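Structure file start-v1.txt (compact mmCIF, C-alpha atoms) follows.
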# COMPACT_ATOMS: atom_id res chain seq x y z
CA MET C 6 -28.31 11.92 6.46
CA ALA C 7 -27.69 12.26 2.74
CA PHE C 8 -24.39 10.94 1.43
CA LYS C 9 -22.70 12.04 -1.76
CA HIS C 10 -21.36 8.54 -2.46
CA CYS C 11 -22.96 5.22 -1.54
CA TRP C 12 -21.92 1.62 -2.20
CA GLU C 13 -23.47 1.71 -5.69
CA ASP C 14 -21.01 4.43 -6.73
CA PHE C 15 -17.94 2.18 -6.40
CA PRO C 16 -18.24 -0.57 -9.04
CA VAL C 17 -15.38 -2.88 -9.96
CA GLY C 18 -12.80 -0.98 -11.99
CA TRP C 19 -13.76 2.45 -10.63
CA THR C 20 -10.61 4.50 -10.11
CA PHE C 21 -9.73 7.72 -8.38
CA SER C 22 -6.57 9.73 -7.96
CA ASN C 23 -5.60 12.99 -6.34
CA GLY C 24 -2.72 14.93 -4.84
CA PRO C 25 0.00 15.94 -4.77
CA ARG C 26 0.74 16.44 -1.10
CA ARG C 27 4.29 17.65 -0.58
CA LEU C 28 6.10 16.48 2.54
CA SER C 29 8.75 18.56 4.31
CA SER C 30 11.53 17.34 6.57
CA GLU C 31 9.86 19.23 9.44
CA GLU C 32 6.64 17.27 8.90
CA ILE C 33 8.56 13.98 8.71
CA VAL C 34 10.35 14.68 12.00
CA ALA C 35 7.22 15.97 13.78
CA PHE C 36 5.19 12.88 12.87
CA ALA C 37 8.01 10.54 13.80
CA ARG C 38 8.65 12.18 17.16
CA GLU C 39 5.04 11.53 18.05
CA TRP C 40 4.44 8.08 16.57
CA ASP C 41 7.58 6.37 15.26
CA PRO C 42 10.75 7.85 16.76
CA GLN C 43 13.27 5.63 15.01
CA ARG C 44 16.53 7.45 14.32
CA TYR C 45 16.24 7.62 10.53
CA HIS C 46 12.76 9.21 10.85
CA THR C 47 13.75 11.88 13.40
CA ASP C 48 17.33 12.86 12.65
CA GLU C 49 18.89 13.77 9.31
CA ALA C 50 22.43 12.91 10.45
CA ALA C 51 21.36 9.52 11.79
CA GLY C 52 19.49 8.94 8.56
CA ARG C 53 22.66 9.59 6.56
CA GLU C 54 24.49 6.96 8.62
CA SER C 55 21.67 4.45 8.16
CA PRO C 56 21.15 2.13 5.19
CA PHE C 57 18.61 4.67 3.89
CA GLY C 58 21.27 7.35 3.36
CA GLY C 59 19.10 10.17 4.71
CA LEU C 60 15.96 11.13 6.56
CA ILE C 61 12.94 9.06 5.50
CA ALA C 62 9.29 9.27 6.50
CA SER C 63 7.70 6.69 8.76
CA GLY C 64 5.68 4.25 6.69
CA TRP C 65 2.76 5.09 8.97
CA GLN C 66 2.97 8.71 7.89
CA THR C 67 2.85 7.67 4.24
CA ALA C 68 -0.19 5.52 5.02
CA CYS C 69 -1.82 8.43 6.88
CA ILE C 70 -1.19 10.77 3.94
CA GLY C 71 -2.85 8.21 1.68
CA MET C 72 -5.76 8.04 4.13
CA ARG C 73 -6.13 11.80 4.16
CA LEU C 74 -6.06 12.05 0.37
CA MET C 75 -8.63 9.22 0.26
CA CYS C 76 -10.87 11.14 2.69
CA ASP C 77 -10.58 14.35 0.71
CA GLY C 78 -11.14 12.46 -2.51
CA TYR C 79 -14.10 10.14 -2.03
CA LEU C 80 -14.51 9.00 1.56
CA THR C 81 -15.54 11.89 3.79
CA ASP C 82 -18.79 12.55 1.93
CA SER C 83 -19.59 8.89 1.53
CA SER C 84 -21.74 6.43 3.44
CA CYS C 85 -18.66 4.53 4.67
CA VAL C 86 -19.32 2.71 7.93
CA GLY C 87 -15.84 1.47 8.62
CA SER C 88 -13.35 -1.15 7.63
CA PRO C 89 -12.74 -4.62 9.01
CA GLY C 90 -9.07 -4.23 8.21
CA ILE C 91 -6.20 -4.00 5.78
CA GLU C 92 -5.05 -7.08 3.91
CA SER C 93 -1.54 -5.89 3.25
CA ILE C 94 0.71 -2.86 3.23
CA GLU C 95 3.91 -2.83 1.19
CA PHE C 96 6.47 -0.14 1.92
CA ARG C 97 8.06 -0.20 -1.51
CA GLN C 98 10.25 2.90 -1.63
CA PRO C 99 11.54 5.34 0.99
CA VAL C 100 9.69 8.67 1.17
CA ARG C 101 12.10 11.59 1.52
CA PRO C 102 11.81 15.30 2.33
CA GLY C 103 10.36 17.23 -0.60
CA ASP C 104 8.57 14.26 -2.10
CA ALA C 105 5.20 15.16 -3.63
CA LEU C 106 2.80 12.29 -3.00
CA ARG C 107 -0.22 11.32 -5.01
CA PHE C 108 -2.96 8.86 -4.09
CA ARG C 109 -4.59 6.32 -6.37
CA ALA C 110 -7.50 3.99 -5.64
CA GLU C 111 -9.03 1.20 -7.68
CA VAL C 112 -12.04 -0.98 -6.86
CA LEU C 113 -11.07 -4.66 -7.09
CA GLU C 114 -14.35 -6.18 -5.85
CA ALA C 115 -17.78 -4.92 -4.88
CA ARG C 116 -20.57 -7.04 -3.41
CA PRO C 117 -23.66 -6.58 -1.28
CA SER C 118 -23.33 -7.69 2.32
CA GLN C 119 -24.99 -11.05 2.90
CA SER C 120 -25.72 -10.39 6.57
CA ARG C 121 -26.69 -6.69 6.34
CA PRO C 122 -28.93 -5.88 3.37
CA ASP C 123 -28.45 -2.13 3.87
CA ARG C 124 -24.70 -2.43 3.26
CA GLY C 125 -22.20 -3.31 0.58
CA ILE C 126 -18.54 -4.22 0.69
CA VAL C 127 -15.80 -2.78 -1.51
CA ARG C 128 -12.31 -4.24 -1.79
CA TRP C 129 -9.66 -1.77 -2.92
CA ARG C 130 -6.12 -1.36 -4.07
CA TRP C 131 -4.79 1.90 -2.63
CA GLU C 132 -1.42 3.30 -3.74
CA VAL C 133 0.72 6.27 -2.82
CA LEU C 134 3.08 7.44 -5.56
CA ASN C 135 5.91 9.94 -5.58
CA GLN C 136 6.77 12.66 -8.11
CA ARG C 137 8.60 10.09 -10.25
CA ALA C 138 5.38 8.00 -10.43
CA GLU C 139 7.03 5.30 -8.32
CA VAL C 140 4.63 3.45 -6.03
CA VAL C 141 6.01 4.10 -2.54
CA LEU C 142 3.21 2.35 -0.65
CA SER C 143 0.65 -0.19 -1.84
CA MET C 144 -2.27 -1.45 0.25
CA LEU C 145 -5.16 -3.83 -0.21
CA GLY C 146 -8.15 -3.30 2.03
CA THR C 147 -11.89 -3.39 2.44
CA GLN C 148 -14.50 -0.78 3.33
CA MET C 149 -18.19 -1.11 4.08
CA PHE C 150 -20.68 1.42 2.72
CA LEU C 151 -24.39 1.89 3.23
CA ARG C 152 -26.40 1.19 0.10
CA ARG C 153 -28.45 3.95 -1.48
CA PRO C 154 -32.01 3.85 -0.15
CA GLN C 155 -34.47 2.58 -2.75
CA GLN C 156 -36.89 5.20 -4.00
CA GLU C 157 -40.49 4.67 -2.98
CA SER C 158 -42.49 3.66 -6.06
CA MET Y 1 26.84 2.56 16.48
CA ALA Y 2 26.05 0.18 19.34
CA PHE Y 3 22.50 -1.14 19.52
CA LYS Y 4 20.80 -2.42 22.64
CA HIS Y 5 18.89 -5.08 20.71
CA CYS Y 6 20.00 -6.93 17.59
CA TRP Y 7 18.38 -9.68 15.53
CA GLU Y 8 19.69 -12.34 17.90
CA ASP Y 9 17.63 -10.87 20.76
CA PHE Y 10 14.28 -11.69 19.12
CA PRO Y 11 13.99 -15.50 18.96
CA VAL Y 12 10.73 -17.29 18.13
CA GLY Y 13 8.34 -17.05 21.08
CA TRP Y 14 9.92 -13.89 22.53
CA THR Y 15 7.18 -11.64 23.84
CA PHE Y 16 6.94 -8.08 25.01
CA SER Y 17 4.13 -5.92 26.38
CA ASN Y 18 3.81 -2.38 27.66
CA GLY Y 19 1.36 0.44 28.21
CA PRO Y 20 -1.17 1.62 29.06
CA ARG Y 21 -1.58 4.69 26.92
CA ARG Y 22 -4.85 6.44 27.67
CA LEU Y 23 -6.62 8.15 24.79
CA SER Y 24 -8.78 11.25 25.22
CA SER Y 25 -11.58 12.48 22.97
CA GLU Y 26 -9.45 15.55 22.21
CA GLU Y 27 -6.60 13.33 20.98
CA ILE Y 28 -9.02 11.27 18.87
CA VAL Y 29 -10.45 14.38 17.21
CA ALA Y 30 -7.06 16.04 16.69
CA PHE Y 31 -5.58 12.98 14.97
CA ALA Y 32 -8.67 12.49 12.83
CA ARG Y 33 -8.82 16.12 11.72
CA GLU Y 34 -5.30 15.76 10.40
CA TRP Y 35 -5.36 12.27 8.89
CA ASP Y 36 -8.79 10.64 8.79
CA PRO Y 37 -11.60 13.23 9.02
CA GLN Y 38 -14.54 10.85 8.81
CA ARG Y 39 -17.51 12.10 10.83
CA TYR Y 40 -17.45 9.45 13.56
CA HIS Y 41 -13.75 10.23 14.24
CA THR Y 42 -14.14 14.02 14.45
CA ASP Y 43 -17.57 14.71 15.91
CA GLU Y 44 -19.21 13.17 18.98
CA ALA Y 45 -22.75 13.94 17.82
CA ALA Y 46 -22.13 12.45 14.37
CA GLY Y 47 -20.61 9.43 16.09
CA ARG Y 48 -23.76 8.91 18.13
CA GLU Y 49 -25.82 8.90 14.95
CA SER Y 50 -23.46 6.44 13.27
CA PRO Y 51 -23.51 2.65 13.63
CA PHE Y 52 -20.70 3.06 16.19
CA GLY Y 53 -22.94 4.91 18.66
CA GLY Y 54 -20.29 7.46 19.60
CA LEU Y 55 -16.91 8.95 18.81
CA ILE Y 56 -14.32 6.30 17.86
CA ALA Y 57 -10.62 6.59 17.07
CA SER Y 58 -9.31 6.22 13.54
CA GLY Y 59 -7.84 2.76 13.11
CA TRP Y 60 -4.68 4.52 11.93
CA GLN Y 61 -4.40 6.23 15.30
CA THR Y 62 -4.67 2.89 17.06
CA ALA Y 63 -1.97 1.52 14.79
CA CYS Y 64 0.22 4.58 15.47
CA ILE Y 65 -0.23 4.15 19.22
CA GLY Y 66 0.86 0.54 18.85
CA MET Y 67 3.87 1.72 16.82
CA ARG Y 68 4.83 4.25 19.48
CA LEU Y 69 4.54 1.71 22.28
CA MET Y 70 6.63 -0.68 20.17
CA CYS Y 71 9.29 2.01 19.70
CA ASP Y 72 9.38 2.81 23.40
CA GLY Y 73 9.42 -0.87 24.24
CA TYR Y 74 12.01 -2.55 22.04
CA LEU Y 75 12.47 -0.83 18.71
CA THR Y 76 14.10 2.57 19.17
CA ASP Y 77 17.29 1.17 20.73
CA SER Y 78 17.45 -1.73 18.31
CA SER Y 79 19.33 -2.34 15.08
CA CYS Y 80 16.08 -2.27 13.07
CA VAL Y 81 16.67 -1.27 9.46
CA GLY Y 82 13.08 -1.06 8.34
CA SER Y 83 10.16 -3.19 7.32
CA PRO Y 84 9.10 -4.46 3.90
CA GLY Y 85 5.50 -4.20 5.01
CA ILE Y 86 2.55 -5.33 7.04
CA GLU Y 87 0.82 -8.60 6.18
CA SER Y 88 -2.52 -7.72 7.72
CA ILE Y 89 -4.26 -5.32 10.07
CA GLU Y 90 -7.55 -6.29 11.72
CA PHE Y 91 -9.60 -3.52 13.30
CA ARG Y 92 -11.42 -5.78 15.76
CA GLN Y 93 -13.11 -3.43 18.20
CA PRO Y 94 -13.80 0.31 18.23
CA VAL Y 95 -11.45 2.41 20.38
CA ARG Y 96 -13.34 5.03 22.38
CA PRO Y 97 -12.43 8.09 24.47
CA GLY Y 98 -10.92 7.08 27.79
CA ASP Y 99 -9.70 3.70 26.57
CA ALA Y 100 -6.34 2.69 28.04
CA LEU Y 101 -4.39 0.82 25.38
CA ARG Y 102 -1.68 -1.74 25.89
CA PHE Y 103 0.70 -3.17 23.30
CA ARG Y 104 1.76 -6.80 22.97
CA ALA Y 105 4.30 -8.32 20.58
CA GLU Y 106 5.26 -11.92 19.90
CA VAL Y 107 7.93 -13.26 17.58
CA LEU Y 108 6.39 -15.79 15.16
CA GLU Y 109 9.47 -16.43 12.98
CA ALA Y 110 13.11 -15.41 12.99
CA ARG Y 111 15.63 -16.24 10.27
CA PRO Y 112 18.88 -14.88 8.90
CA SER Y 113 18.62 -13.00 5.63
CA GLN Y 114 19.81 -15.12 2.72
CA SER Y 115 20.84 -12.16 0.60
CA ARG Y 116 22.36 -9.95 3.33
CA PRO Y 117 24.49 -11.88 5.83
CA ASP Y 118 24.64 -8.89 8.19
CA ARG Y 119 20.86 -8.95 8.67
CA GLY Y 120 18.09 -11.09 10.06
CA ILE Y 121 14.33 -11.06 9.57
CA VAL Y 122 11.72 -11.23 12.32
CA ARG Y 123 8.02 -11.89 11.70
CA TRP Y 124 5.73 -10.60 14.43
CA ARG Y 125 2.22 -10.61 15.75
CA TRP Y 126 1.51 -7.17 17.19
CA GLU Y 127 -1.65 -6.46 19.16
CA VAL Y 128 -3.25 -3.45 20.81
CA LEU Y 129 -5.58 -4.26 23.71
CA ASN Y 130 -7.98 -2.15 25.71
CA GLN Y 131 -8.57 -1.98 29.47
CA ARG Y 132 -10.90 -5.00 29.22
CA ALA Y 133 -8.07 -7.02 27.64
CA GLU Y 134 -9.98 -7.09 24.36
CA VAL Y 135 -7.76 -7.07 21.28
CA VAL Y 136 -8.78 -3.91 19.42
CA LEU Y 137 -6.16 -4.18 16.65
CA SER Y 138 -4.12 -7.15 15.49
CA MET Y 139 -1.30 -6.97 12.96
CA LEU Y 140 1.14 -9.36 11.37
CA GLY Y 141 4.33 -7.86 10.01
CA THR Y 142 8.02 -8.21 9.40
CA GLN Y 143 11.05 -6.20 10.48
CA MET Y 144 14.69 -6.46 9.48
CA PHE Y 145 17.45 -6.09 12.06
CA LEU Y 146 21.22 -5.99 11.80
CA ARG Y 147 22.89 -9.03 13.34
CA ARG Y 148 25.24 -8.60 16.27
CA PRO Y 149 28.82 -8.28 15.02
CA GLN Y 150 30.86 -11.40 15.72
CA GLN Y 151 33.61 -10.89 18.28
CA GLU Y 152 37.13 -11.09 16.89
CA SER Y 153 38.77 -14.27 18.19

Kindly present the structure from the file in structure tokens form.
Amino acid sequence: MAFKHCWEDFPVGWTFSNGPRRLSSEEIVAFAREWDPQRYHTDEAAGRESPFGGLIASGWQTACIGMRLMCDGYLTDSSCVGSPGIESIEFRQPVRPGDALRFRAEVLEARPSQSRPDRGIVRWRWEVLNQRAEVVLSMLGTQMFLRRPQQES
Amino acid sequence: MAFKHCWEDFPVGWTFSNGPRRLSSEEIVAFAREWDPQRYHTDEAAGRESPFGGLIASGWQTACIGMRLMCDGYLTDSSCVGSPGIESIEFRQPVRPGDALRFRAEVLEARPSQSRPDRGIVRWRWEVLNQRAEVVLSMLGTQMFLRRPQQES
């Protein structure tokens, strides 16, 4: 299988951004009813009575939107073979109906795998920003990619 | 508003578990098409050719299932007023079609908020386990809860 992007294509300092993805109140409620049915994610009136002052998106939905933008941006056509995990997720600002979310990625570290010579590891900062350029979610995490096969000489 | 569970109900060492939630290949593919359309999450044949040897669930779906079980278990009826973030997520084992997932929570720390006397902070270990009792996802994170109003004397 030929991949558009391999480990070699993500050096330290490489950045990517895309979006926006606009989020409606219907999408916020639908996601929350399925995955995170807390009152301020599912009900506008309950949100108004909460400390958030209105309906807000589940942080997991914001993370999923970031993931989808990442996939559309650089991941789906890449040689990614998974992630051992996420180092941290900060939910910095509430996401509200009508927000238009952008995604931004930056490579913090890139190194060949010591145990698997066909793979490399990339450590990222991933951010989701709103239409006021406020970071609403910030994540650090790692992905593994296959290395580009060496050409026969 | 009266809450079933307030900060005082989650002391250090308090544990909770529930489930199982069984996951079908159709659910895995539907979630992945929306949020994480990498080939081994959306296509059984591509999964077989991948290092995972078959279709596997997006780690975000596993996290969302944990979140939903958490909501059903202790969160929805609680005084929770959000989370500043997640300290870490480890994707420890692939989740495959037919897996029956359980959720387990344990309170690691509990302290009153210093800045907001009506609130307390709880630090958790949250785990999702499969039908072989293997931890497939492990998270550390924090939630804020309103404290129970003091009775008038």

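Nearest residue to Ala37 (chain C) among C:Leu151, C:Ala62, C:Leu113, C:Leu145 is C:Ala62, counting only C-alpha atoms.
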
Given 8 Å on each side, where is the centre and what are the edge lengths in Å to one decimal of the axis-aligned box enclosing the listed atoms of region 85-103 of chain C, as JSON?
{"center_x": -3.6, "center_y": 5.1, "center_z": 3.7, "size_x": 47.4, "size_y": 40.3, "size_z": 26.6}

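For the choices C:Ile33, C:Val133, C:Val141, C:Val17, the atom-to-atom distance to Arg73 (chain C) is smallest for C:Val133 when using all atoms listed in the file.
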
Near chain Y, which residues of chain C fall within 8 Å when you count all atoms listed in the file, and what do they look like as a ChimeraX atom specification? /C:39-44,55-56,65,69-70,72-73,76,80-81,86,88-97

Point-to-point distance from CA of Glu44 (chain Y) to CA of Arg21 (chain Y), Å rounded to tenths: 21.1 Å

What does the structure give for the distance between CA of Lys4 (chain Y) and CA of Arg116 (chain Y), in Å to one decimal? 20.8 Å

Pairwise distance for CA of Arg123 (chain Y) and CA of Glu109 (chain Y), rounded to one decimal in Å: 4.9 Å
